[in-house]
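Read through the structure below, which is laid out as structure tokens, and then see the notes.
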Amino acid sequence: MGLLDRDCGCDRVAAAREDKCKGCVCELLKTLQPGTEVEELFVNGVKFDDDIVFINLDRETCCATFTRNGSTPKVIVIDCRKIDAIILEG
């Protein structure tokens with residue numbers, strides 16, 4: 001058996017790198033620039049609409065991070081696959 005006949009495991013590595021953050025909202029978040037203002041965000045039917053700004057999307061964990069700059073500033077971390085809808089400003 002030659003070196004090229006051995007299983008290098010490359011197919012498993014490639015599968016592990018496959019993008020698991022799928023769905024229309026995840027795909028949209030992949031294209032947004034940090035600092036993009038979000039008019040409304042719906043998660044499990046709950047609406048967030050108080051000065052929300054997109055920070056980033058972690059493609060490994062699918063966690064989307066936003067800030068909410070209302071009367072009490074907060075950081076919001078949500079699995080992008082759990083977001084029902086997103087409405088952008090403008």
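Letters A, B, ... mark the chains of the structure tokens in the order given; residue numbers begin at 1 per chain; ligand numbers begin at 1, in order shown.
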Surrounding residues of A:Leu28 excluding itself and chain neighbours under 4 positions, 12 Å, only C-alpha atoms, as number ranges by chain: A: 21-24, 32-33, 36, 54, 56-57, 64, 80-81, 83, 85-88
### Task
Would you mind listing what lies within 10 Å of A:Gly90 as a list in words, with only C-alpha atoms counted and same-chain residues fewer than 3 positions away left out?
Glu37, Val38, Glu39 and Ile87 of chain A
Go ahead and save the residues from that selection, with C-alpha atoms, as a compact mmCIF listing (two decimals), in the first residue's frame.
```txt
# COMPACT_ATOMS: atom_id res chain seq x y z
CA GLU A 37 -28.61 49.59 11.74
CA VAL A 38 -31.53 47.20 12.11
CA GLU A 39 -35.03 48.64 12.25
CA ILE A 87 -35.95 44.56 8.84
```
Distance query A:Lys74 at most 12 Å, only C-alpha atoms, self and fewer than 2 positions along chain excluded, as a CSV table (one decimal) with C-alpha atoms, in the first residue's frame:
```csv
chain,number,residue,atom,x,y,z
A,48,PHE,CA,-36.9,44.0,19.2
A,50,ASP,CA,-35.0,49.9,20.0
A,51,ASP,CA,-31.9,51.2,18.1
A,52,ILE,CA,-30.4,47.8,17.2
A,53,VAL,CA,-27.0,47.6,15.5
A,65,THR,CA,-24.3,39.7,17.9
A,66,PHE,CA,-26.2,43.0,18.0
A,67,THR,CA,-26.3,46.0,20.4
A,68,ARG,CA,-29.4,47.6,21.6
A,69,ASN,CA,-28.8,51.3,22.4
A,70,GLY,CA,-32.1,52.2,23.9
A,71,SER,CA,-32.5,53.7,27.4
A,72,THR,CA,-30.5,50.7,28.8
A,76,ILE,CA,-27.9,40.7,22.2
A,77,VAL,CA,-26.5,37.3,21.0
```
Tell me, in Å to one decimal, how far atom CA of A:Gly45 is from atom CA of A:Glu60.
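Value for the atom CA of A:Gly45-atom CA of A:Glu60 distance: 25.3 Å.
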Write out as a VMD selection string the set of residues from stretch 30-74 of chain A that DSSP, computed on the backbone, places in strand (DSSP E or B). chain A and resid 37 to 43 46 to 48 52 to 58 63 to 68 74
Selection file, C-alpha atoms, as a PDB file, in the first residue's frame:
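part_32.pdb, written as the output of this step:
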```pdb
ATOM      1  CA  GLU A  37     -28.606  49.592  11.737  1.00  0.00           C
ATOM      2  CA  VAL A  38     -31.527  47.197  12.105  1.00  0.00           C
ATOM      3  CA  GLU A  39     -35.028  48.637  12.253  1.00  0.00           C
ATOM      4  CA  GLU A  40     -36.727  45.530  13.666  1.00  0.00           C
ATOM      5  CA  LEU A  41     -35.629  42.045  14.694  1.00  0.00           C
ATOM      6  CA  PHE A  42     -38.079  39.205  15.391  1.00  0.00           C
ATOM      7  CA  VAL A  43     -37.019  36.204  17.489  1.00  0.00           C
ATOM      8  CA  VAL A  46     -40.818  38.737  19.982  1.00  0.00           C
ATOM      9  CA  LYS A  47     -40.039  42.071  18.335  1.00  0.00           C
ATOM     10  CA  PHE A  48     -36.907  44.043  19.167  1.00  0.00           C
ATOM     11  CA  ILE A  52     -30.443  47.803  17.208  1.00  0.00           C
ATOM     12  CA  VAL A  53     -27.046  47.640  15.483  1.00  0.00           C
ATOM     13  CA  PHE A  54     -25.521  44.520  13.901  1.00  0.00           C
ATOM     14  CA  ILE A  55     -22.035  43.734  15.252  1.00  0.00           C
ATOM     15  CA  ASN A  56     -21.045  40.389  13.713  1.00  0.00           C
ATOM     16  CA  LEU A  57     -21.910  36.811  12.812  1.00  0.00           C
ATOM     17  CA  ASP A  58     -19.709  33.982  14.073  1.00  0.00           C
ATOM     18  CA  CYS A  63     -24.195  33.394  16.878  1.00  0.00           C
ATOM     19  CA  ALA A  64     -25.234  36.827  15.641  1.00  0.00           C
ATOM     20  CA  THR A  65     -24.301  39.730  17.915  1.00  0.00           C
ATOM     21  CA  PHE A  66     -26.230  42.983  18.043  1.00  0.00           C
ATOM     22  CA  THR A  67     -26.257  45.963  20.384  1.00  0.00           C
ATOM     23  CA  ARG A  68     -29.410  47.649  21.577  1.00  0.00           C
ATOM     24  CA  LYS A  74     -27.548  45.823  25.936  1.00  0.00           C
TER      25      LYS A  74
END
```
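Note that atom CA of A:Cys62 and atom CA of A:Asp19 are 9.2 Å apart.
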A straight line from atom CA of A:Lys82 to atom CA of A:Asn44 spans 7.2 Å
message: Among chain A, which ones does DSSP assign to alpha helix (DSSP H) (computed from the backbone)? Answer as a list in words.
response: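 DSSP-assigned alpha helix (DSSP H) residues in chain A: Cys10, Asp11, Arg12, Val13, Ala14, Ala15, Ala16, Arg17, Cys24, Val25, Cys26, Glu27, Leu28, Leu29, Lys30 and Thr31 of chain A.
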